[in-house]
Number of protein chains: 2
Amino acid sequence: MSTIIEVAKRASVSIATVSNVIRGTRRVSPELRTRVQNAIRELDYYPNAIARSLKVKQTRMLGLVLPDITNPFFPGIIRGAEDAAFERDYFLVAANTDDQIGRERRIVSALRSYRVDGILLISALGNDTSHIRQTIASGVSVVCLDRSIPGITTDSVFLDNVRGGRECVRHLIQSGHRKIAIVTGQLKAQNARERLQGYTEALGEADISPDKSLILEGDYRYDSGYRLGKQLMKSRVKATAVFVCNGVMTLGVLQAFEELGIKCPDDIAVATFDDLTLDNSFHSHLTAVVQPSYDMGARAAAMLMDRIEGKLAGDPVIVRIVPTLVIRDSTRPQRHLPNHRRVGA
Amino acid sequence: MSTIIEVAKRASVSIATVSNVIRGTRRVSPELRTRVQNAIRELDYYPNAIARSLKVKQTRMLGLVLPDITNPFFPGIIRGAEDAAFERDYFLVAANTDDQIGRERRIVSALRSYRVDGILLISALGNDTSHIRQTIASGVSVVCLDRSIPGITTDSVFLDNVRGGRECVRHLIQSGHRKIAIVTGQLKAQNARERLQGYTEALGEADISPDKSLILEGDYRYDSGYRLGKQLMKSRVKATAVFVCNGVMTLGVLQAFEELGIKCPDDIAVATFDDLTLDNSFHSHLTAVVQPSYDMGARAAAMLMDRIEGKLAGDPVIVRIVPTLVIRDSTRPQRHLPNHRRVGA
DNA sequence: CTTTCGGATTTAAACCTTTAAATCCGACAG
DNA sequence: CTGTCGGATTTAAAGGTTTAAATCCGAAAG
């Protein structure tokens with residue numbers, strides 16, 4: 001792999017001149033310019049970004065730390081972030097934590113060694129946040145995405161979870177439900193607590209007193225949805241609707257229902273967080289609080305790059321994204337419910 | 001951000017000694033070792049991987065070039081690759097091409113500048129492969145994954161597509177179908193041609209002469225599935241089964257069927273490539289040729305790292321992964337078919 | 001007491017750029 | 001003809017590591 005020096009030799013100019021034609025830093029006469037360009041082509045020369053980074057102290061790489069790319073909620077986010085980055089000539093270095101704080105530490109420390117210009121962080125849940133605190137303190141820009149980190153204030157892009165939960169449950173109530181169950185994520189995660197809060201608020205507005213046995217704490221994973229779906233149907237208290245706080249758990253719940261021979265929405269209405277939809281079509285029967293994941297990713301990446309480049313200065317900015325409630329068949333009014341009314345989609 | 005020099009000063013040792021304790025390159029006396037370790041901790045020092053890479057000429061970064069992370073087939077692959085990489089202390093730099101050769105060129109050239117140690121390539125389809133050829137020629141290890149590149153032989157991990165297609169169509173035939181349609185990917189893609197070949201072979205075995213009007217060329221995207229699904233049902237020739245060559249197109253086909261009021265499997269049997277299943281449960285009714293995507297990713301990454309580290313030398317190795325046919329409800333024998341028999345799952 | 005040996009430690013060059021500062025050179029003014 | 005000016009080009013230092021080679025030092029051998 002050839003170097004700038006070889007290019008310079010072949011073009012009979014100085015290294016500096018080569019650098020100048022590559023980066024356009026200074027004018028160079030047309031003839032030297034073409035000599036250099038020819039040499040570059042002939043040698044199949046690719047500027048060494050490593051050497052450059054060492055000198056200019058920036059890598060144009062962004063770290064992306066996320067729980068698990070295999071969870072269908074994340075690819076959209078990633079894609080949004082990547083497109084935003086690519087457009088501004090940054091690259092993404094991604095790694096999965098599986099929500100294990102230990103892995104997160106290891107990944108973050110590797111990213112710091114790599115000297116990424118900034119980090120996009122969908123944090124693993126956990127109390128030990130010292131590595132993040134230190135990273136920020138050391139001057140690396142960090143933007144939190146989707147999940148907040150207890151005790152840390154930094155640029156962030158979150159969904160308005162309270163609102164999402166509230167609107168969804170309001171809709172269920174308007175459809176005539178009063179026994180509404182909720183399957184939450186781990187309540188140590190703030191977004192899980194917020195969705196629950198939305199649920200509680202909506203019930204409060206309708207003077208429905210919350211029933212402890214209808215609040216089921218899962219962990220955002222398939223298995224917990226499955227387990228809690230079964231549990232729910234075996235409970236004494238009969239729910240007529242269930243609000244599941246993320247997509248994969250909903251799949252679990254639906255599977256449980258199917259095995260029990262329970263039909264949605266006739267036996268029970270189901271609403272979910274996250275859209276399982278591909279191209280807005282399949283699963284088109286599920287009422288969902290839809291998060292604009294692509295936009296969230298793009299927005300967060302843009303913020304990060306702005307911060308890195310100094311286009312954004314001053315106090316941390318926290319952006320709250322508003323979700324959309326998409327009403328579909330799975331909450332279609334059930335005939336046997338008392339005061340149901342039609343709700344426009 | 002402190003440097004090895006500051007650490008050395010604080011510990012009153014030479015730079016070399018610091019380097020030696022960090023990397024364990026040479027023995028250093030216990031006392032110096034602890035002095036150095038303390039200094040590192042006190043200064044919150046992270047070795048500069050950039051500087052190191054410059055010197056040692058390796059970055060421990062792997063490029064991952066893929067069409068679109070948003071296509072549910074890919075996250076599994078990526079995760080497999082990433083886990084394999086992480087385990088051996090490599091990181092992944094990923095970028096989406098959207099199957100545009102122009103983007104692919106740009107990405108590959110950026111990766112070459114970054115001096116990634118190797119590239120995992122799920123190539124965009126296109127005739128212009130010069131950038132790949134050059135990259136390989138320049139000594140960068142490249143492993144092709146899932147898709148071959150016309151005219152280029154390099155380490156690769158592919159699915160045995162012919163076999164997948166053949167077994168799937170055999171199964172349809174055994175279930176009593178003779179009018180079997182196929183929805184393929186772009187036939188300029190080799191894997192699409194191979195799947196079609198499997199289809200043709202299976203028909204041949206059963207002395208069924210292929211009917212041109214039952215071969216529908218799509219492009220592996222949702223819309224084409226939807227369009228061809230409609231087209232299929234409006235065609236004069238009535239198919240009793242359809243084999244769709246990838247997951248997202250199947251979703252399109254199913255959507256088309258739903259809109260036309262056509263029931264699967266009673267009106268038409270459906271088999272698909274790729275599993276849309278999340279945790280082996282949802283969509284559990286679709287008969288599918290399942291690709292072990294995680295393993296494919298892991299295998300390819302391992303090969304790449306072996307090649308980089310010289311553990312694998314000599315001619316390019318091509319691995320063919322065997323898919324599994326999972327038989328489910330969507331191809332359950334239809335009562336009105338003549339010679340159907342039960343097929344064990 | 002002087003050598004010799006070997007392990008621990010240090011020195012210094014190299015990796016490939018960028019960029020401030022120095023140099024060069026031709027044109028123009030005096 | 002000399003001096004000045006300004007733009008084009010070159011020189012050389014710096015960036016943070018690794019590592020071969022050099023040095024140091026104490027112990028063992030003579």
# chains A, B, ... in the order shown; residues from 1 in each chain; ligands from 1
>>> select_by_dssp(residues="region 211-287 of chain B", states="strand (DSSP E or B)", output="short mmCIF file (atom, residue, chain, number, x, y, z; two decimals) with C-alpha atoms, in the first residue's frame")
data_model
loop_
_atom_site.label_atom_id
_atom_site.label_comp_id
_atom_site.auth_asym_id
_atom_site.auth_seq_id
_atom_site.Cartn_x
_atom_site.Cartn_y
_atom_site.Cartn_z
CA ILE B 215 -42.05 -17.87 -13.01
CA LEU B 216 -42.28 -14.34 -11.73
CA GLU B 217 -39.18 -12.21 -11.37
CA ALA B 241 -48.76 -23.31 -4.53
CA VAL B 242 -46.22 -20.53 -4.63
CA PHE B 243 -42.60 -20.54 -3.58
CA VAL B 244 -41.41 -17.05 -2.72
CA ALA B 269 -50.00 -23.01 -0.39
CA VAL B 270 -47.11 -20.69 0.37
CA ALA B 271 -43.50 -21.52 1.07
CA THR B 272 -40.79 -18.97 1.58
CA PHE B 273 -37.09 -18.49 1.77
CA THR B 287 -43.17 -23.21 5.70
#
>>> interface_residues(of="chain B", to="chain C", cutoff="8 Å", atoms="only C-alpha atoms (C1' of nucleotides)", output="number ranges by chain")
B: 14, 16-17, 28-29, 54-57
>>> interface_residues(of="chain B", to="chain A", cutoff="7 Å", atoms="only C-alpha atoms", output="MDAnalysis selection string")
chainID B and resid 1 46:51 54 69:70 75:76 79 92:94 112:114 138 251 255 281:282
>>> interface_residues(of="chain D", to="chain B", cutoff="9 Å", atoms="only C-alpha atoms (C1' of nucleotides)", output="NGL selection string")
:D and (15-19)
>>> write_last_selection(atoms="C-alpha atoms (C1' of nucleotides)", output="PDB file, in the first residue's frame")
ATOM      1  C1'  DG D  15       1.240  13.723  16.651  1.00  0.00           C
ATOM      2  C1'  DG D  16       1.463   8.877  20.188  1.00  0.00           C
ATOM      3  C1'  DT D  17       2.815   4.603  19.735  1.00  0.00           C
ATOM      4  C1'  DT D  18       6.050   0.128  19.112  1.00  0.00           C
ATOM      5  C1'  DT D  19      10.284  -2.223  19.124  1.00  0.00           C
TER       6       DT D  19
END
>>> atom_distance(atom1="CA of Cys144 (chain A)", atom2="CA of Leu196 (chain A)")
21.2 Å
>>> select_by_dssp(residues="region 158-231 of chain A", states="alpha helix (DSSP H)", output="PyMOL selection string")
chain A and resi 161-174+190-205+222-231
>>> write_last_selection(atoms="N, CA and C atoms", output="compact mmCIF listing (two decimals), in the first residue's frame")
# COMPACT_ATOMS: atom_id res chain seq x y z
N ASN A 161 -42.61 9.03 26.20
CA ASN A 161 -43.23 7.76 26.55
C ASN A 161 -44.52 7.93 27.34
N VAL A 162 -44.52 8.93 28.21
CA VAL A 162 -45.73 9.16 29.01
C VAL A 162 -46.89 9.42 28.07
N ARG A 163 -46.65 10.29 27.14
CA ARG A 163 -47.68 10.63 26.18
C ARG A 163 -48.13 9.42 25.36
N GLY A 164 -47.15 8.63 24.91
CA GLY A 164 -47.49 7.44 24.14
C GLY A 164 -48.39 6.51 24.94
N GLY A 165 -48.00 6.24 26.16
CA GLY A 165 -48.79 5.35 27.00
C GLY A 165 -50.18 5.92 27.27
N ARG A 166 -50.21 7.21 27.55
CA ARG A 166 -51.48 7.85 27.90
C ARG A 166 -52.45 7.79 26.73
N GLU A 167 -51.96 8.16 25.56
CA GLU A 167 -52.87 8.21 24.41
C GLU A 167 -53.39 6.83 24.05
N CYS A 168 -52.49 5.88 24.18
CA CYS A 168 -52.90 4.52 23.84
C CYS A 168 -53.99 4.03 24.78
N VAL A 169 -53.78 4.27 26.06
CA VAL A 169 -54.75 3.78 27.04
C VAL A 169 -56.04 4.59 26.97
N ARG A 170 -55.90 5.87 26.70
CA ARG A 170 -57.10 6.67 26.47
C ARG A 170 -57.95 6.06 25.38
N HIS A 171 -57.28 5.66 24.33
CA HIS A 171 -58.01 5.07 23.21
C HIS A 171 -58.74 3.80 23.65
N LEU A 172 -58.06 2.99 24.45
CA LEU A 172 -58.71 1.76 24.92
C LEU A 172 -59.94 2.11 25.75
N ILE A 173 -59.78 3.11 26.58
CA ILE A 173 -60.90 3.51 27.44
C ILE A 173 -62.07 4.01 26.59
N GLN A 174 -61.73 4.82 25.60
CA GLN A 174 -62.78 5.33 24.71
C GLN A 174 -63.49 4.20 23.99
N GLN A 190 -36.16 3.72 32.85
CA GLN A 190 -37.03 4.88 32.94
C GLN A 190 -38.14 4.84 31.90
N ASN A 191 -37.82 4.43 30.69
CA ASN A 191 -38.89 4.47 29.69
C ASN A 191 -40.03 3.52 30.05
N ALA A 192 -39.71 2.44 30.73
CA ALA A 192 -40.77 1.55 31.19
C ALA A 192 -41.65 2.26 32.22
N ARG A 193 -40.99 2.95 33.14
CA ARG A 193 -41.76 3.66 34.16
C ARG A 193 -42.64 4.74 33.52
N GLU A 194 -42.09 5.39 32.52
CA GLU A 194 -42.87 6.45 31.88
C GLU A 194 -44.10 5.91 31.17
N ARG A 195 -43.93 4.79 30.50
CA ARG A 195 -45.09 4.22 29.80
C ARG A 195 -46.16 3.82 30.81
N LEU A 196 -45.69 3.29 31.91
CA LEU A 196 -46.62 2.93 32.97
C LEU A 196 -47.32 4.18 33.51
N GLN A 197 -46.54 5.24 33.63
CA GLN A 197 -47.13 6.48 34.13
C GLN A 197 -48.24 6.96 33.20
N GLY A 198 -47.99 6.88 31.90
CA GLY A 198 -49.01 7.28 30.94
C GLY A 198 -50.28 6.46 31.14
N TYR A 199 -50.08 5.18 31.35
CA TYR A 199 -51.20 4.27 31.60
C TYR A 199 -51.99 4.74 32.82
N THR A 200 -51.24 4.99 33.90
CA THR A 200 -51.89 5.40 35.14
C THR A 200 -52.65 6.71 34.96
N GLU A 201 -52.01 7.65 34.28
CA GLU A 201 -52.67 8.94 34.07
C GLU A 201 -53.97 8.78 33.31
N ALA A 202 -53.93 7.98 32.27
CA ALA A 202 -55.15 7.80 31.46
C ALA A 202 -56.25 7.17 32.30
N LEU A 203 -55.89 6.18 33.09
CA LEU A 203 -56.89 5.57 33.96
C LEU A 203 -57.47 6.61 34.91
N GLY A 204 -56.55 7.42 35.47
CA GLY A 204 -56.97 8.45 36.41
C GLY A 204 -57.99 9.39 35.79
N GLU A 205 -57.71 9.82 34.60
CA GLU A 205 -58.62 10.75 33.90
C GLU A 205 -60.03 10.17 33.82
N TYR A 222 -39.05 -11.39 24.47
CA TYR A 222 -40.10 -12.27 23.99
C TYR A 222 -40.64 -13.18 25.10
N ASP A 223 -39.74 -13.82 25.80
CA ASP A 223 -40.18 -14.81 26.77
C ASP A 223 -41.08 -14.22 27.85
N SER A 224 -40.73 -13.01 28.28
CA SER A 224 -41.54 -12.44 29.34
C SER A 224 -42.94 -12.13 28.81
N GLY A 225 -43.04 -11.74 27.55
CA GLY A 225 -44.35 -11.49 26.96
C GLY A 225 -45.17 -12.78 26.97
N TYR A 226 -44.52 -13.82 26.55
CA TYR A 226 -45.20 -15.12 26.48
C TYR A 226 -45.70 -15.54 27.87
N ARG A 227 -44.80 -15.45 28.81
CA ARG A 227 -45.12 -15.86 30.18
C ARG A 227 -46.25 -15.02 30.76
N LEU A 228 -46.12 -13.71 30.60
CA LEU A 228 -47.12 -12.83 31.20
C LEU A 228 -48.44 -12.91 30.46
N GLY A 229 -48.39 -13.21 29.17
CA GLY A 229 -49.63 -13.40 28.42
C GLY A 229 -50.43 -14.56 29.02
N LYS A 230 -49.73 -15.64 29.29
CA LYS A 230 -50.41 -16.79 29.89
C LYS A 230 -50.94 -16.43 31.28
N GLN A 231 -50.04 -15.82 32.05
CA GLN A 231 -50.40 -15.45 33.41
C GLN A 231 -51.66 -14.59 33.42
>>> residues_around(residues="region 301-318 of chain A", least_positions_apart="6", cutoff="8 Å", atoms="only C-alpha atoms (C1' of nucleotides)", output="PyMOL selection string")
chain A and resi 81-82+84-85+117-120+141-143+153-158
>>> closest_residue(among="B:Asp160, B:Asp211, B:Glu87, B:Asp267", to="Ser148 (chain B)", atoms="only C-alpha atoms")
B:Asp160
